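The file query-v2.pdb contains PDB, C-alpha atoms:
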ATOM      1  CA  MET A  88      99.303 108.767  73.333
ATOM      2  CA  ALA A  89     102.049 106.813  75.040
ATOM      3  CA  CYS A  90     101.946 104.118  77.701
ATOM      4  CA  VAL A  91     104.491 104.144  80.498
ATOM      5  CA  SER A  92     105.504 101.409  82.916
ATOM      6  CA  CYS A  93     104.805 102.086  86.567
ATOM      7  CA  ALA A  94     105.118 100.295  89.906
ATOM      8  CA  CYS A  95     102.154  97.948  89.588
ATOM      9  CA  VAL A  96     100.180  99.146  86.571
ATOM     10  CA  LYS A  97     100.829 100.674  83.158
ATOM     11  CA  LEU A  98      99.595 104.274  83.007
ATOM     12  CA  ALA A  99      98.284 105.756  79.777
ATOM     13  CA  SER A 100      99.482 109.279  79.150
ATOM     14  CA  SER A 101      99.592 112.185  76.728
ATOM     15  CA  VAL A 102     103.043 113.735  76.256
ATOM     16  CA  MET A 103     104.392 116.837  74.537
ATOM     17  CA  THR A 104     108.093 117.285  73.670
ATOM     18  CA  PRO A 105     110.231 118.529  76.586
ATOM     19  CA  HIS A 106     112.809 121.313  76.671
ATOM     20  CA  ARG A 107     111.640 123.187  79.782
ATOM     21  CA  PRO A 108     110.572 121.748  83.136
ATOM     22  CA  THR A 109     107.714 119.387  82.336
ATOM     23  CA  THR A 110     104.214 119.957  83.671
ATOM     24  CA  VAL A 111     102.640 116.685  84.837
ATOM     25  CA  LEU A 112      98.836 116.836  84.960
ATOM     26  CA  VAL A 113      96.837 114.505  87.211
ATOM     27  CA  HIS A 114      93.041 114.300  86.992
ATOM     28  CA  GLY A 115      90.475 113.731  89.736
ATOM     29  CA  LEU A 116      87.893 111.089  90.598
ATOM     30  CA  ASP A 117      85.782 109.724  87.717
ATOM     31  CA  SER A 118      87.933 111.612  85.233
ATOM     32  CA  SER A 119      90.881 110.912  82.940
ATOM     33  CA  LYS A 120      93.732 112.582  81.103
ATOM     34  CA  GLN A 121      91.144 113.829  78.586
ATOM     35  CA  THR A 122      90.160 116.606  81.000
ATOM     36  CA  TRP A 123      93.549 118.188  80.274
ATOM     37  CA  THR A 124      93.347 118.140  76.452
ATOM     38  CA  ASP A 125      92.876 121.895  76.067
ATOM     39  CA  VAL A 126      95.458 122.739  78.742
ATOM     40  CA  LEU A 127      97.974 120.400  77.085
ATOM     41  CA  GLY A 128      97.414 122.150  73.789
ATOM     42  CA  ASP A 129      97.759 125.611  75.312
ATOM     43  CA  LEU A 130     100.973 124.708  77.110
ATOM     44  CA  THR A 131     102.661 123.006  74.171
ATOM     45  CA  ARG A 132     101.786 125.798  71.744
ATOM     46  CA  ALA A 133     103.480 128.190  74.159
ATOM     47  CA  GLY A 134     106.562 125.960  74.319
ATOM     48  CA  TYR A 135     105.871 124.323  77.692
ATOM     49  CA  PRO A 136     106.193 120.505  77.703
ATOM     50  CA  ALA A 137     103.448 118.600  79.477
ATOM     51  CA  ILE A 138     102.293 115.088  80.333
ATOM     52  CA  ALA A 139      98.775 114.072  81.363
ATOM     53  CA  VAL A 140      98.336 110.635  82.924
ATOM     54  CA  ASP A 141      95.403 108.349  83.645
ATOM     55  CA  LEU A 142      95.532 107.206  87.265
ATOM     56  CA  ARG A 143      95.218 103.468  87.814
ATOM     57  CA  GLY A 144      91.692 102.282  87.176
ATOM     58  CA  HIS A 145      90.802 105.502  85.344
ATOM     59  CA  GLY A 146      90.762 106.324  81.653
ATOM     60  CA  GLU A 147      92.904 103.813  79.780
ATOM     61  CA  SER A 148      95.045 102.696  82.737
ATOM     62  CA  PRO A 149      94.361  99.287  84.301
ATOM     63  CA  LEU A 150      93.320  98.993  87.918
ATOM     64  CA  GLY A 151      96.015  96.562  88.958
ATOM     65  CA  ASP A 152      95.617  94.689  92.227
ATOM     66  CA  PRO A 153      92.678  96.226  94.141
ATOM     67  CA  ALA A 154      94.321  95.251  97.434
ATOM     68  CA  SER A 155      97.232  97.586  96.695
ATOM     69  CA  PHE A 156      95.082 100.602  95.786
ATOM     70  CA  SER A 157      96.114 103.569  97.947
ATOM     71  CA  ALA A 158      97.227 107.180  97.684
ATOM     72  CA  THR A 159     100.817 106.020  98.017
ATOM     73  CA  ALA A 160     100.473 103.465  95.213
ATOM     74  CA  LEU A 161      98.856 106.013  92.897
ATOM     75  CA  ALA A 162     101.549 108.567  93.719
ATOM     76  CA  GLN A 163     104.299 106.043  93.035
ATOM     77  CA  ASP A 164     102.675 105.267  89.677
ATOM     78  CA  VAL A 165     102.782 108.951  88.756
ATOM     79  CA  LEU A 166     106.415 109.394  89.782
ATOM     80  CA  ALA A 167     107.363 106.263  87.843
ATOM     81  CA  ALA A 168     105.553 107.625  84.791
ATOM     82  CA  VAL A 169     107.512 110.868  85.042
ATOM     83  CA  ARG A 170     110.791 108.946  85.172
ATOM     84  CA  GLU A 171     109.772 106.785  82.207
ATOM     85  CA  HIS A 172     109.317 109.952  80.179
ATOM     86  CA  GLY A 173     112.929 110.890  80.854
ATOM     87  CA  VAL A 174     112.255 113.878  83.088
ATOM     88  CA  GLN A 175     115.438 114.812  84.912
ATOM     89  CA  PRO A 176     115.716 115.581  88.660
ATOM     90  CA  GLY A 177     114.071 118.885  89.481
ATOM     91  CA  GLY A 178     112.490 118.962  86.049
ATOM     92  CA  ALA A 179     108.803 118.415  86.827
ATOM     93  CA  VAL A 180     105.927 120.577  88.020
ATOM     94  CA  LEU A 181     103.155 118.301  89.305
ATOM     95  CA  VAL A 182      99.584 119.593  89.034
ATOM     96  CA  GLY A 183      96.765 117.614  90.649
ATOM     97  CA  HIS A 184      93.077 118.435  90.293
ATOM     98  CA  SER A 185      90.619 117.481  93.052
ATOM     99  CA  MET A 186      91.457 113.918  94.143
ATOM    100  CA  GLY A 187      94.515 114.277  91.950
ATOM    101  CA  GLY A 188      95.556 116.999  94.365
ATOM    102  CA  ARG A 189      95.682 114.412  97.134
ATOM    103  CA  ILE A 190      97.850 112.216  94.913
ATOM    104  CA  ALA A 191     100.089 115.194  94.134
ATOM    105  CA  MET A 192     100.547 115.855  97.863
ATOM    106  CA  ARG A 193     101.575 112.264  98.491
ATOM    107  CA  ALA A 194     103.844 112.215  95.427
ATOM    108  CA  ALA A 195     105.596 115.349  96.677
ATOM    109  CA  ALA A 196     106.014 113.796 100.120
ATOM    110  CA  ILE A 197     107.566 110.670  98.582
ATOM    111  CA  ASP A 198     109.750 112.715  96.252
ATOM    112  CA  CYS A 199     111.124 114.807  99.122
ATOM    113  CA  LYS A 200     112.727 111.656 100.539
ATOM    114  CA  SER A 201     114.496 110.851  97.274
ATOM    115  CA  THR A 202     118.161 111.580  96.656
ATOM    116  CA  ALA A 203     117.249 112.563  93.085
ATOM    117  CA  ARG A 204     114.115 114.646  93.493
ATOM    118  CA  LEU A 205     111.981 114.969  90.394
ATOM    119  CA  LEU A 206     109.681 117.767  91.471
ATOM    120  CA  LYS A 207     110.441 121.443  91.231
ATOM    121  CA  ALA A 208     106.952 122.352  92.416
ATOM    122  CA  VAL A 209     103.539 120.891  93.180
ATOM    123  CA  VAL A 210     100.185 122.543  92.472
ATOM    124  CA  VAL A 211      97.011 121.419  94.254
ATOM    125  CA  GLU A 212      93.893 122.450  92.335
ATOM    126  CA  ASP A 213      90.727 122.767  94.424
ATOM    127  CA  MET A 214      91.270 120.143  97.108
ATOM    128  CA  ASP A 215      91.543 120.530 100.862
ATOM    129  CA  LEU A 216      92.450 118.099 103.646
ATOM    130  CA  ARG A 217      89.012 117.228 104.993
ATOM    131  CA  VAL A 218      88.191 113.534 105.236
ATOM    132  CA  ARG A 219      85.346 112.789 102.817
ATOM    133  CA  ASP A 220      82.595 110.221 103.250
ATOM    134  CA  ARG A 221      83.335 106.790 101.857
ATOM    135  CA  ALA A 222      80.847 104.674  99.898
ATOM    136  CA  THR A 223      79.066 102.881 102.722
ATOM    137  CA  THR A 224      76.222 101.186 100.881
ATOM    138  CA  ASP A 225      76.273  97.448 101.463
ATOM    139  CA  LEU A 226      76.409  95.507  98.226
ATOM    140  CA  THR A 227      74.493  92.378  97.373
ATOM    141  CA  ALA A 228      76.405  89.333  96.145
ATOM    142  CA  ALA A 229      75.326  90.155  92.595
ATOM    143  CA  GLN A 230      76.524  93.747  92.941
ATOM    144  CA  GLN A 231      79.852  92.597  94.332
ATOM    145  CA  ALA A 232      80.307  90.283  91.360
ATOM    146  CA  GLU A 233      79.425  93.061  88.921
ATOM    147  CA  LEU A 234      81.806  95.457  90.640
ATOM    148  CA  ARG A 235      84.595  92.890  90.418
ATOM    149  CA  SER A 236      84.038  92.691  86.667
ATOM    150  CA  PHE A 237      85.177  96.319  86.408
ATOM    151  CA  GLU A 238      88.518  95.364  87.963
ATOM    152  CA  SER A 239      89.716  94.019  84.608
ATOM    153  CA  ASP A 240      89.950  95.925  81.344
ATOM    154  CA  SER A 241      87.330  93.667  79.807
ATOM    155  CA  GLY A 242      84.823  94.945  82.363
ATOM    156  CA  ARG A 243      85.012  98.430  80.860
ATOM    157  CA  ALA A 244      84.623  97.263  77.257
ATOM    158  CA  PHE A 245      81.068  97.060  75.919
ATOM    159  CA  ALA A 246      79.473  95.909  72.699
ATOM    160  CA  ASP A 247      77.541  99.144  72.263
ATOM    161  CA  TRP A 248      76.465 102.367  73.960
ATOM    162  CA  ALA A 249      73.235 100.870  75.272
ATOM    163  CA  SER A 250      75.012  98.162  77.262
ATOM    164  CA  ALA A 251      77.588 100.626  78.604
ATOM    165  CA  ARG A 252      74.819 103.035  79.598
ATOM    166  CA  GLU A 253      72.847 100.321  81.377
ATOM    167  CA  ALA A 254      75.900  99.163  83.347
ATOM    168  CA  LEU A 255      76.909 102.664  84.432
ATOM    169  CA  LEU A 256      73.410 103.759  85.410
ATOM    170  CA  ARG A 257      73.392 101.111  88.133
ATOM    171  CA  TRP A 258      76.487 102.676  89.727
ATOM    172  CA  TYR A 259      75.669 106.342  89.260
ATOM    173  CA  GLY A 260      72.314 106.511  90.965
ATOM    174  CA  GLY A 261      70.231 106.014  87.840
ATOM    175  CA  ASP A 262      71.078 109.583  86.798
ATOM    176  CA  GLU A 263      70.254 109.354  83.099
ATOM    177  CA  ALA A 264      71.154 112.957  82.269
ATOM    178  CA  ARG A 265      74.578 112.588  83.868
ATOM    179  CA  VAL A 266      75.389 109.268  82.222
ATOM    180  CA  ASP A 267      74.078 110.423  78.841
ATOM    181  CA  SER A 268      76.344 113.489  79.048
ATOM    182  CA  TRP A 269      79.350 111.128  79.007
ATOM    183  CA  LYS A 270      78.485 109.609  75.628
ATOM    184  CA  GLY A 271      81.305 110.313  73.207
ATOM    185  CA  SER A 272      83.670 111.594  75.889
ATOM    186  CA  ARG A 273      84.096 109.519  79.042
ATOM    187  CA  VAL A 274      82.306 106.654  77.300
ATOM    188  CA  ARG A 275      83.261 106.460  73.657
ATOM    189  CA  ALA A 276      83.188 104.277  70.563
ATOM    190  CA  LEU A 277      86.430 102.479  69.777
ATOM    191  CA  PRO A 278      87.915 102.627  66.258
ATOM    192  CA  ALA A 279      87.009 100.084  63.590
ATOM    193  CA  GLY A 280      83.726  99.172  65.253
ATOM    194  CA  ARG A 281      85.441  97.446  68.184
ATOM    195  CA  GLY A 282      82.695  98.403  70.609
ATOM    196  CA  TRP A 283      82.670 101.020  73.355
ATOM    197  CA  TRP A 284      85.087 101.877  76.163
ATOM    198  CA  SER A 285      84.312 103.444  79.542
ATOM    199  CA  ASP A 286      86.945 105.699  81.102
ATOM    200  CA  LEU A 287      84.733 105.490  84.178
ATOM    201  CA  ASN A 288      85.298 102.613  86.553
ATOM    202  CA  PRO A 289      82.912 102.087  89.497
ATOM    203  CA  ALA A 290      85.403  99.712  91.143
ATOM    204  CA  ALA A 291      88.155 102.337  91.064
ATOM    205  CA  GLN A 292      85.734 104.994  92.257
ATOM    206  CA  ARG A 293      84.732 102.972  95.295
ATOM    207  CA  LEU A 294      88.371 102.241  96.152
ATOM    208  CA  ALA A 295      89.362 105.885  95.699
ATOM    209  CA  ARG A 296      86.586 107.143  97.943
ATOM    210  CA  ALA A 297      87.499 104.720 100.704
ATOM    211  CA  ARG A 298      91.292 104.777 100.524
ATOM    212  CA  VAL A 299      92.136 108.258  99.275
ATOM    213  CA  LEU A 300      89.336 110.738  99.903
ATOM    214  CA  ALA A 301      88.080 109.198 103.148
ATOM    215  CA  SER A 302      91.587 108.898 104.594
ATOM    216  CA  THR A 303      93.910 111.233 106.493
ATOM    217  CA  ASP A 304      96.688 110.586 103.988
ATOM    218  CA  GLY A 305      96.361 114.026 102.422
ATOM    219  CA  ALA A 306      96.855 115.773 105.750
ATOM    220  CA  GLU A 307      99.826 113.582 106.619
ATOM    221  CA  ALA A 308     101.434 114.218 103.238
ATOM    222  CA  TRP A 309     100.756 117.956 103.432
ATOM    223  CA  ASP A 310     102.322 118.262 106.875
ATOM    224  CA  SER A 311     105.417 116.393 105.700
ATOM    225  CA  LEU A 312     106.132 119.136 103.150
ATOM    226  CA  ARG A 313     107.139 121.628 105.845
ATOM    227  CA  ASP A 314     110.794 122.667 105.622
ATOM    228  CA  GLN A 315     111.146 121.009 102.216
ATOM    229  CA  PRO A 316     112.544 122.820  99.146
ATOM    230  CA  THR A 317     109.713 121.810  96.804
ATOM    231  CA  LYS A 318     107.533 124.823  96.072
ATOM    232  CA  VAL A 319     103.866 124.267  96.912
ATOM    233  CA  TYR A 320     100.916 126.087  95.361
ATOM    234  CA  LEU A 321      97.338 125.779  96.624
ATOM    235  CA  TRP A 322      94.755 127.028  94.149
ATOM    236  CA  TYR A 323      91.067 126.911  94.944
ATOM    237  CA  ALA A 324      87.870 127.736  93.109
ATOM    238  CA  ASP A 325      85.248 130.299  93.983
ATOM    239  CA  ALA A 326      81.994 129.551  95.790
ATOM    240  CA  PRO A 327      79.681 127.839  95.085
ATOM    241  CA  GLY A 328      81.725 125.702  92.686
ATOM    242  CA  THR A 329      84.604 124.857  94.997
ATOM    243  CA  VAL A 330      84.713 121.560  96.914
ATOM    244  CA  CYS A 331      86.967 123.167  99.520
ATOM    245  CA  ARG A 332      86.137 124.834 102.785
ATOM    246  CA  VAL A 333      88.042 127.972 103.630
ATOM    247  CA  ASP A 334      87.646 127.833 107.399
ATOM    248  CA  GLY A 335      87.639 124.950 109.857
ATOM    249  CA  PRO A 336      89.923 121.942 110.280
ATOM    250  CA  GLY A 337      91.408 120.800 106.991
ATOM    251  CA  GLY A 338      90.215 123.890 105.147
ATOM    252  CA  ILE A 339      92.229 126.338 103.060
ATOM    253  CA  ASP A 340      93.122 128.602 105.988
ATOM    254  CA  ASP A 341      94.167 125.598 108.063
ATOM    255  CA  MET A 342      96.327 124.325 105.199
ATOM    256  CA  SER A 343      98.001 127.718 104.974
ATOM    257  CA  ARG A 344      98.731 127.723 108.700
ATOM    258  CA  ARG A 345     100.138 124.215 108.574
ATOM    259  CA  LEU A 346     102.327 124.979 105.562
ATOM    260  CA  PRO A 347     103.079 128.726 105.636
ATOM    261  CA  THR A 348     105.329 128.520 102.575
ATOM    262  CA  ALA A 349     102.442 127.362 100.375
ATOM    263  CA  GLN A 350     101.345 130.033  97.909
ATOM    264  CA  VAL A 351      97.558 130.233  98.085
ATOM    265  CA  ARG A 352      95.368 131.666  95.351
ATOM    266  CA  LEU A 353      91.616 132.013  94.851
ATOM    267  CA  PHE A 354      90.511 131.917  91.210
ATOM    268  CA  VAL A 355      87.601 134.342  91.346
ATOM    269  CA  GLY A 356      84.571 133.266  89.330
ATOM    270  CA  SER A 357      85.848 129.763  88.623
ATOM    271  CA  ASP A 358      84.197 126.462  89.431
ATOM    272  CA  HIS A 359      85.709 123.215  90.722
ATOM    273  CA  SER A 360      87.558 122.523  87.461
ATOM    274  CA  ILE A 361      89.577 125.729  87.402
ATOM    275  CA  HIS A 362      91.555 124.408  84.454
ATOM    276  CA  ARG A 363      88.379 124.427  82.388
ATOM    277  CA  SER A 364      86.271 127.276  83.792
ATOM    278  CA  ALA A 365      89.203 129.732  84.033
ATOM    279  CA  ARG A 366      91.521 128.072  81.539
ATOM    280  CA  GLU A 367      93.395 131.137  80.339
ATOM    281  CA  ASP A 368      94.248 132.274  83.878
ATOM    282  CA  PHE A 369      95.059 128.704  84.901
ATOM    283  CA  VAL A 370      97.488 128.117  82.034
ATOM    284  CA  LYS A 371      99.126 131.481  82.659
ATOM    285  CA  ALA A 372      99.569 130.564  86.320
ATOM    286  CA  VAL A 373     101.072 127.172  85.434
ATOM    287  CA  ARG A 374     103.536 128.847  83.076
ATOM    288  CA  GLN A 375     104.548 131.229  85.856
ATOM    289  CA  VAL A 376     105.201 128.290  88.180
ATOM    290  CA  VAL A 377     107.319 126.554  85.543
ATOM    291  CA  ASP A 378     109.321 129.732  84.916
ATOM    292  CA  SER A 379     109.775 130.699  88.567
TER     293      SER A 379
END
Structure re-expressed in structure tokens:
Amino acid sequence: MACVSCACVKLASSVMTPHRPTTVLVHGLDSSKQTWTDVLGDLTRAGYPAIAVDLRGHGESPLGDPASFSATALAQDVLAAVREHGVQPGGAVLVGHSMGGRIAMRAAAIDCKSTARLLKAVVVEDMDLRVRDRATTDLTAAQQAELRSFESDSGRAFADWASAREALLRWYGGDEARVDSWKGSRVRALPAGRGWWSDLNPAAQRLARARVLASTDGAEAWDSLRDQPTKVYLWYADAPGTVCRVDGPGGIDDMSRRLPTAQVRLFVGSDHSIHRSAREDFVKAVRQVVDS
């Protein structure tokens, strides 16, 4: 694992040695670079360099200033991380899953304005342009204070699993089965008995829902990619696992009409995380993008 300096925060990342265009993997909401572990392994064994980053406030990356949290800020972090890893202009394929797809769209839009473009291609994995609902529940003063505690790294460090579990249950609807499923993965023991760490961050989740998923930024970024040389791929999962709509405003068909050069693919039989439920086909498709 390596840490890379970015615009406002320091992103944690996983990196494999480069000699081809580098695949840059961006996770979705309530996830981290760990979701890409198997894909990273598959790519590197086949000789394809790859980087997986933790978005700000996710995984091992700090949140930074909450006031600056936006799709643009997250996209700039990712592009800065790519540069820090020494990727040369035109030497990156950016893959964004779910909310990470929104960040990939914005990163591509920013990159298209650069005189030294980093991106050869961008892949959006199971995300459309529809504006999602934001977290609208009013918080009590105590809840606001607790949420603010997650804004610092210390707020995601716990003495033991029980205290981490108790804190997360309050922000994930009391869903014990869901929270318990994260033990050892998204919430894990630190080495040398140094307590427990939560990759999950309710403060980052609330900001991401309001400022990324519930915004029109994705649509604006997508539309800006018309007549640009960066290749765009739109991959979506099969029903009922997909979070995308095919028809209607902001759906897959609408995205295709708005950006006719985008190469659209349905991964039959896959669920929302195509890179996990159809991993072999997904990795093969990524390799084809890199080699194209």
Give the answer as one residue: which of A:Val113, A:Val126, A:Ala228, A:Val218 has the shortest atom-to-atom distance to A:Arg332, using only C-alpha atoms?
-> A:Val218
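Nearest residue to A:Glu212, choosing from A:Ala168, A:Ala308, A:Ala191, A:Leu321 and counting only C-alpha atoms: A:Leu321.
Neighbouring residues of stretch 290-298 of chain A at 6 Å or closer, counting all atoms listed in the file and skipping chain neighbours under 4 positions away, are Gly144, Ser157, Arg221, Leu234, Phe237 and Ser302 of chain A.
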Can you pull out every residue within 9 Å of A:Val111, counting all atoms listed in the file, but drop anything in the same chain fewer than 2 positions away, and send it as a ChimeraX atom specification?
-> /A:109,113,136-140,165,169,179-183
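Residue nearest A:Val274 within the list A:Arg257, A:His145, A:His362, A:His114: A:His145 [criterion: smallest interatomic distance, all atoms listed in the file].
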Given the file shown, determine the residues that the PyMOL selection byres ((chain A and resi 244) around 9) selects; report them as a list in words.
->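 After applying the PyMOL selection byres ((chain A and resi 244) around 9), what remains is Asp240, Ser241, Gly242, Arg243, Phe245, Ala246, Asp247, Ala251, Gly282, Trp283, Trp284 and Ser285 of chain A.
With all atoms listed in the file as the atoms that count, the minimum distance from A:Val210 to the choices A:Cys331, A:Ile197, A:Ala167, A:Leu112 is reached by A:Leu112.
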